[in-house]
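Asks: Handing you a structure now.
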Amino acid sequence: MSILKLPRGRELDLSQPHIMAVLNVTPDSFSDGGSHTSYDSAVNKALELLKQGATIIDIGGESTRPGAPDVSLEDELNRVIPVIKALRERSDCVISIDTSKAKVMAQAVAAGADLINDVRALQEPDALQTAAGLNVPICLMHMQGQPRTMQSAPKYDNLISEINDFFIQRIQACESLGIDKKQIILDPGFGFGKTLAHNYEILNQIDAFKIMGCEVLAGLSRKSMIGNLLSRDTDERLAGSLAGALIAAQKGAKIIRVHDVAQTSDVLKVWQACEKGLDNKGNLNVG
Ligand code: 9MG
């Protein structure tokens, strides 16, 4: 059984799948560019997502969409730290900081974040050393290339084993600085330097990334792997995203990163009721 150790003696039991809700605090998600009211509305949105069934709120101030511009350290800190502090005051939920910058990681954990979600797998300057000193779980994501260029011509000789080789190398780098591999979550990085065919091969084989005792996170919500397959705009990708979330969970991913929390929660509940059965009061059987 995998249990992540969180700050202040708390734990996250990964024997059941968890929903990680996306909370972007980038200027396009703030209509007024980041005032008190907009921080409040980000916190209220997080509280709503928790009510809908999320257990983890993933707060990010840098867009990693293909072609997205780089964000300065100052801007990223100004976006995420007030939201983490305000959410921590109002909830004991699991707060994840979506960043690749060492200084953001450190200040976010000091402000109350519990988990680091790094799409660059601690390869930016000082990130590995900083994360090692913070003693929180870390999600290491695989990406071929950099967000600005990663979709130009992704190429692999052997997709699954190249991703796993990368994970082994990053886990070893973490262990060499004293990070316990039981605190590491692996994420194959849907859409990050992958063609449509690569993404569906990864989804089909997502259990192959459960290596070295680590659990797997899947993030495919509203991505182009749904849109391009179905010819759907971003706001028409709900059904495809739910199908992807269910497949990932059924194949063993333990954290599903999504935008549509309420709907994903319903889908996972139906699957869990079927899988585990219900007692005579309609509650999910435990164990
Ligand atoms: C920040 N971010 C955007 N997409 C992501 C994904 O698929 N996984 C993780 N871990 N983070 C992501």
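The chains in the structure tokens are called A, B, ... from first to last as shown; in each chain the residues are counted from 1, and the ligands are counted from 1 in the order shown.
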What do you get as a ChimeraX atom specification if you pick all residues at most 6 Å from ligand 1, counting only C-alpha atoms and all ligand atoms?

Replies: /A:98,117,119,141,187,189-190,219-220

Asks: Keeping N, CA and C atoms for every residue in the selection just given, could you write it to a file as a short mmCIF file (atom, residue, chain, number, x, y, z; two decimals), in the first residue's frame?

Replies:
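Wrote part_13.cif, looks like this:
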data_model
loop_
_atom_site.label_atom_id
_atom_site.label_comp_id
_atom_site.auth_asym_id
_atom_site.auth_seq_id
_atom_site.Cartn_x
_atom_site.Cartn_y
_atom_site.Cartn_z
N ASP A 98 2.44 23.54 -8.63
CA ASP A 98 2.86 23.18 -10.00
C ASP A 98 3.92 24.20 -10.42
N ASN A 117 4.65 19.44 -7.85
CA ASN A 117 4.34 18.86 -9.16
C ASN A 117 5.23 19.55 -10.19
N VAL A 119 6.71 19.55 -13.91
CA VAL A 119 6.69 19.00 -15.27
C VAL A 119 8.11 18.86 -15.85
N MET A 141 7.46 14.52 -13.82
CA MET A 141 6.81 14.28 -15.11
C MET A 141 7.82 14.14 -16.23
N ASP A 187 4.80 10.51 -13.72
CA ASP A 187 3.76 10.97 -14.64
C ASP A 187 4.34 10.95 -16.06
N GLY A 189 3.36 12.28 -18.69
CA GLY A 189 3.30 13.58 -19.36
C GLY A 189 2.56 13.57 -20.68
N PHE A 190 1.25 13.29 -20.62
CA PHE A 190 0.44 13.32 -21.85
C PHE A 190 0.58 14.68 -22.52
N GLY A 219 -2.52 13.02 -16.36
CA GLY A 219 -3.16 14.31 -16.63
C GLY A 219 -3.48 14.43 -18.11
N LEU A 220 -4.71 14.17 -18.48
CA LEU A 220 -5.07 14.27 -19.90
C LEU A 220 -6.30 15.12 -20.13
#

Asks: Can you pull out the residues contacting stretch 111-115 of chain A? Cut-off 6 Å, using only C-alpha atoms, and skip same-chain residues under 5 positions away; I want them as a PyMOL selection string.

Replies: chain A and resi 6+85+88+94-96+136-138

Asks: Could the residues in this selection be saved with N, CA and C atoms as an mmCIF file, in the first residue's frame?

Replies:
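In the end it all went to part-v2.cif:
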data_model
loop_
_atom_site.group_PDB
_atom_site.id
_atom_site.type_symbol
_atom_site.label_atom_id
_atom_site.label_comp_id
_atom_site.auth_asym_id
_atom_site.auth_seq_id
_atom_site.Cartn_x
_atom_site.Cartn_y
_atom_site.Cartn_z
ATOM 1 N N LEU A 6 2.920 13.642 4.177
ATOM 2 C CA LEU A 6 2.745 15.075 3.935
ATOM 3 C C LEU A 6 3.238 15.857 5.155
ATOM 4 N N LYS A 85 -1.312 30.607 0.633
ATOM 5 C CA LYS A 85 -1.482 31.038 2.037
ATOM 6 C C LYS A 85 -2.960 31.126 2.407
ATOM 7 N N ARG A 88 -4.577 27.679 2.553
ATOM 8 C CA ARG A 88 -4.130 26.929 3.728
ATOM 9 C C ARG A 88 -4.838 27.395 4.990
ATOM 10 N N VAL A 94 -4.961 18.777 0.558
ATOM 11 C CA VAL A 94 -3.610 18.608 0.020
ATOM 12 C C VAL A 94 -3.402 19.678 -1.057
ATOM 13 N N ILE A 95 -2.408 20.527 -0.837
ATOM 14 C CA ILE A 95 -2.096 21.584 -1.812
ATOM 15 C C ILE A 95 -0.827 21.190 -2.555
ATOM 16 N N SER A 96 -0.944 21.187 -3.879
ATOM 17 C CA SER A 96 0.205 20.859 -4.730
ATOM 18 C C SER A 96 0.657 22.141 -5.418
ATOM 19 N N VAL A 136 8.781 16.843 1.077
ATOM 20 C CA VAL A 136 7.387 16.668 0.647
ATOM 21 C C VAL A 136 7.372 15.710 -0.553
ATOM 22 N N PRO A 137 6.226 15.067 -0.829
ATOM 23 C CA PRO A 137 6.145 14.223 -2.027
ATOM 24 C C PRO A 137 6.363 15.049 -3.299
ATOM 25 N N ILE A 138 6.869 14.361 -4.324
ATOM 26 C CA ILE A 138 7.210 15.050 -5.568
ATOM 27 C C ILE A 138 6.657 14.258 -6.747
#

Asks: Nearest residue to A:Phe209 out of A:Gly240, A:Gly133, A:Pro66, A:Gly252, using only C-alpha atoms?

Replies: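 Once distances to A:Phe209 are computed over only C-alpha atoms, the minimum belongs to A:Gly252.
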
Asks: Contacts of A:Ser224 at 10 Å or less, counting only C-alpha atoms, minus same-chain residues fewer than 2 places along, as a PyMOL selection string?

Replies: chain A and resi 190-191+195-196+199+220-222+226-234+237

Asks: Calculated over only C-alpha atoms, which of the candidates A:Glu62, A:Glu215, A:Glu76, A:Asp260 has the smallest distance to A:Asp235?

Replies: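 Among the listed residues, A:Asp260 lies closest to A:Asp235.
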
Asks: As an MDAnalysis selection string, list the residues of stretch 16-185 of chain A assigned to strand (DSSP E or B) by DSSP on the backbone atoms of this structure.

Replies: chainID A and resid 18:24 56:60 94:98 115:118 138:141 184:185

Asks: Under the rule that only C-alpha atoms are counted, which of A:His198, A:Gly277, A:Ile184, A:Arg10 is the nearest residue to A:Gln172?

Replies: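 That would be A:Ile184, the residue with the smallest distance to A:Gln172.
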
Asks: With distances taken over only C-alpha atoms, which of A:Leu122, A:Cys274, A:Val258, A:Cys93 is nearest to A:Leu23?

Replies: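 Closest to A:Leu23, using only C-alpha atoms: A:Val258.
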
Asks: Can you list, as a PyMOL selection string, every residue of stretch 96-221 of chain A that DSSP puts in helix (DSSP H, G or I)?

Replies: chain A and resi 102-111+127-134+159-176+181-183+196-204+206-209

Asks: Here is a test: counting only C-alpha atoms, which residue of A:Ile59, A:Val286, A:Ala132, A:Ile81 is nearest to A:Ser15?

Replies: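 Checking each of A:Ile59, A:Val286, A:Ala132, A:Ile81 against A:Ser15, counting only C-alpha atoms, the winner is A:Val286.
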
Asks: Excluding A:Val216 and its own-chain neighbours fewer than 4 positions away, which residues fall within 7 Å of it when counting only C-alpha atoms? Please give them as a ChimeraX atom specification.

Replies: /A:185-187,209-210,253-255

Asks: Could the residues in this selection be saved with all heavy atoms as a JSON list (two decimals), in the first residue's frame?

Replies:
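Generated file (part-v3.json):
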[["chain", "number", "residue", "atom", "x", "y", "z"],
["A", 185, "ILE", "N", 6.05, 10.31, -7.20],
["A", 185, "ILE", "CA", 4.95, 9.90, -8.09],
["A", 185, "ILE", "C", 5.47, 10.14, -9.51],
["A", 185, "ILE", "O", 6.13, 11.15, -9.76],
["A", 185, "ILE", "CB", 3.72, 10.80, -7.85],
["A", 185, "ILE", "CG1", 3.31, 10.79, -6.37],
["A", 185, "ILE", "CG2", 2.54, 10.38, -8.73],
["A", 185, "ILE", "CD1", 2.79, 12.13, -5.91],
["A", 186, "LEU", "N", 5.15, 9.24, -10.42],
["A", 186, "LEU", "CA", 5.65, 9.35, -11.79],
["A", 186, "LEU", "C", 4.50, 9.70, -12.73],
["A", 186, "LEU", "O", 3.37, 9.20, -12.57],
["A", 186, "LEU", "CB", 6.30, 8.03, -12.22],
["A", 186, "LEU", "CG", 7.48, 7.60, -11.34],
["A", 186, "LEU", "CD1", 7.96, 6.20, -11.76],
["A", 186, "LEU", "CD2", 8.63, 8.60, -11.42],
["A", 187, "ASP", "N", 4.80, 10.51, -13.72],
["A", 187, "ASP", "CA", 3.76, 10.97, -14.64],
["A", 187, "ASP", "C", 4.34, 10.95, -16.06],
["A", 187, "ASP", "O", 5.31, 11.67, -16.35],
["A", 187, "ASP", "CB", 3.36, 12.39, -14.23],
["A", 187, "ASP", "CG", 2.31, 13.00, -15.14],
["A", 187, "ASP", "OD1", 2.05, 12.44, -16.23],
["A", 187, "ASP", "OD2", 1.77, 14.05, -14.78],
["A", 209, "PHE", "N", 4.31, 2.19, -16.12],
["A", 209, "PHE", "CA", 5.14, 3.22, -15.46],
["A", 209, "PHE", "C", 5.17, 3.08, -13.95],
["A", 209, "PHE", "O", 5.79, 3.89, -13.26],
["A", 209, "PHE", "CB", 4.67, 4.63, -15.86],
["A", 209, "PHE", "CG", 4.66, 4.83, -17.35],
["A", 209, "PHE", "CD1", 3.48, 4.94, -18.06],
["A", 209, "PHE", "CD2", 5.85, 4.85, -18.07],
["A", 209, "PHE", "CE1", 3.48, 5.08, -19.44],
["A", 209, "PHE", "CE2", 5.86, 4.99, -19.45],
["A", 209, "PHE", "CZ", 4.67, 5.10, -20.14],
["A", 210, "LYS", "N", 4.48, 2.04, -13.45],
["A", 210, "LYS", "CA", 4.52, 1.81, -11.99],
["A", 210, "LYS", "C", 5.81, 1.08, -11.68],
["A", 210, "LYS", "O", 5.82, -0.14, -11.52],
["A", 210, "LYS", "CB", 3.33, 0.95, -11.57],
["A", 210, "LYS", "CG", 2.02, 1.68, -11.60],
["A", 210, "LYS", "CD", 0.92, 0.75, -11.14],
["A", 210, "LYS", "CE", -0.14, 1.47, -10.37],
["A", 210, "LYS", "NZ", -0.79, 0.69, -9.35],
["A", 253, "ALA", "N", -3.60, 4.22, -12.54],
["A", 253, "ALA", "CA", -3.13, 5.55, -12.12],
["A", 253, "ALA", "C", -3.83, 5.91, -10.81],
["A", 253, "ALA", "O", -5.04, 5.69, -10.67],
["A", 253, "ALA", "CB", -3.43, 6.59, -13.19],
["A", 254, "LYS", "N", -3.10, 6.46, -9.86],
["A", 254, "LYS", "CA", -3.68, 6.73, -8.54],
["A", 254, "LYS", "C", -4.00, 8.20, -8.31],
["A", 254, "LYS", "O", -4.69, 8.54, -7.36],
["A", 254, "LYS", "CB", -2.75, 6.19, -7.44],
["A", 254, "LYS", "CG", -2.74, 4.68, -7.37],
["A", 254, "LYS", "CD", -4.12, 4.15, -7.00],
["A", 254, "LYS", "CE", -4.36, 2.68, -7.20],
["A", 254, "LYS", "NZ", -3.49, 1.79, -6.51],
["A", 255, "ILE", "N", -3.49, 9.06, -9.16],
["A", 255, "ILE", "CA", -3.88, 10.48, -9.09],
["A", 255, "ILE", "C", -4.27, 10.90, -10.51],
["A", 255, "ILE", "O", -3.51, 10.70, -11.46],
["A", 255, "ILE", "CB", -2.74, 11.37, -8.55],
["A", 255, "ILE", "CG1", -2.30, 10.89, -7.15],
["A", 255, "ILE", "CG2", -3.19, 12.83, -8.49],
["A", 255, "ILE", "CD1", -1.17, 11.71, -6.52]]
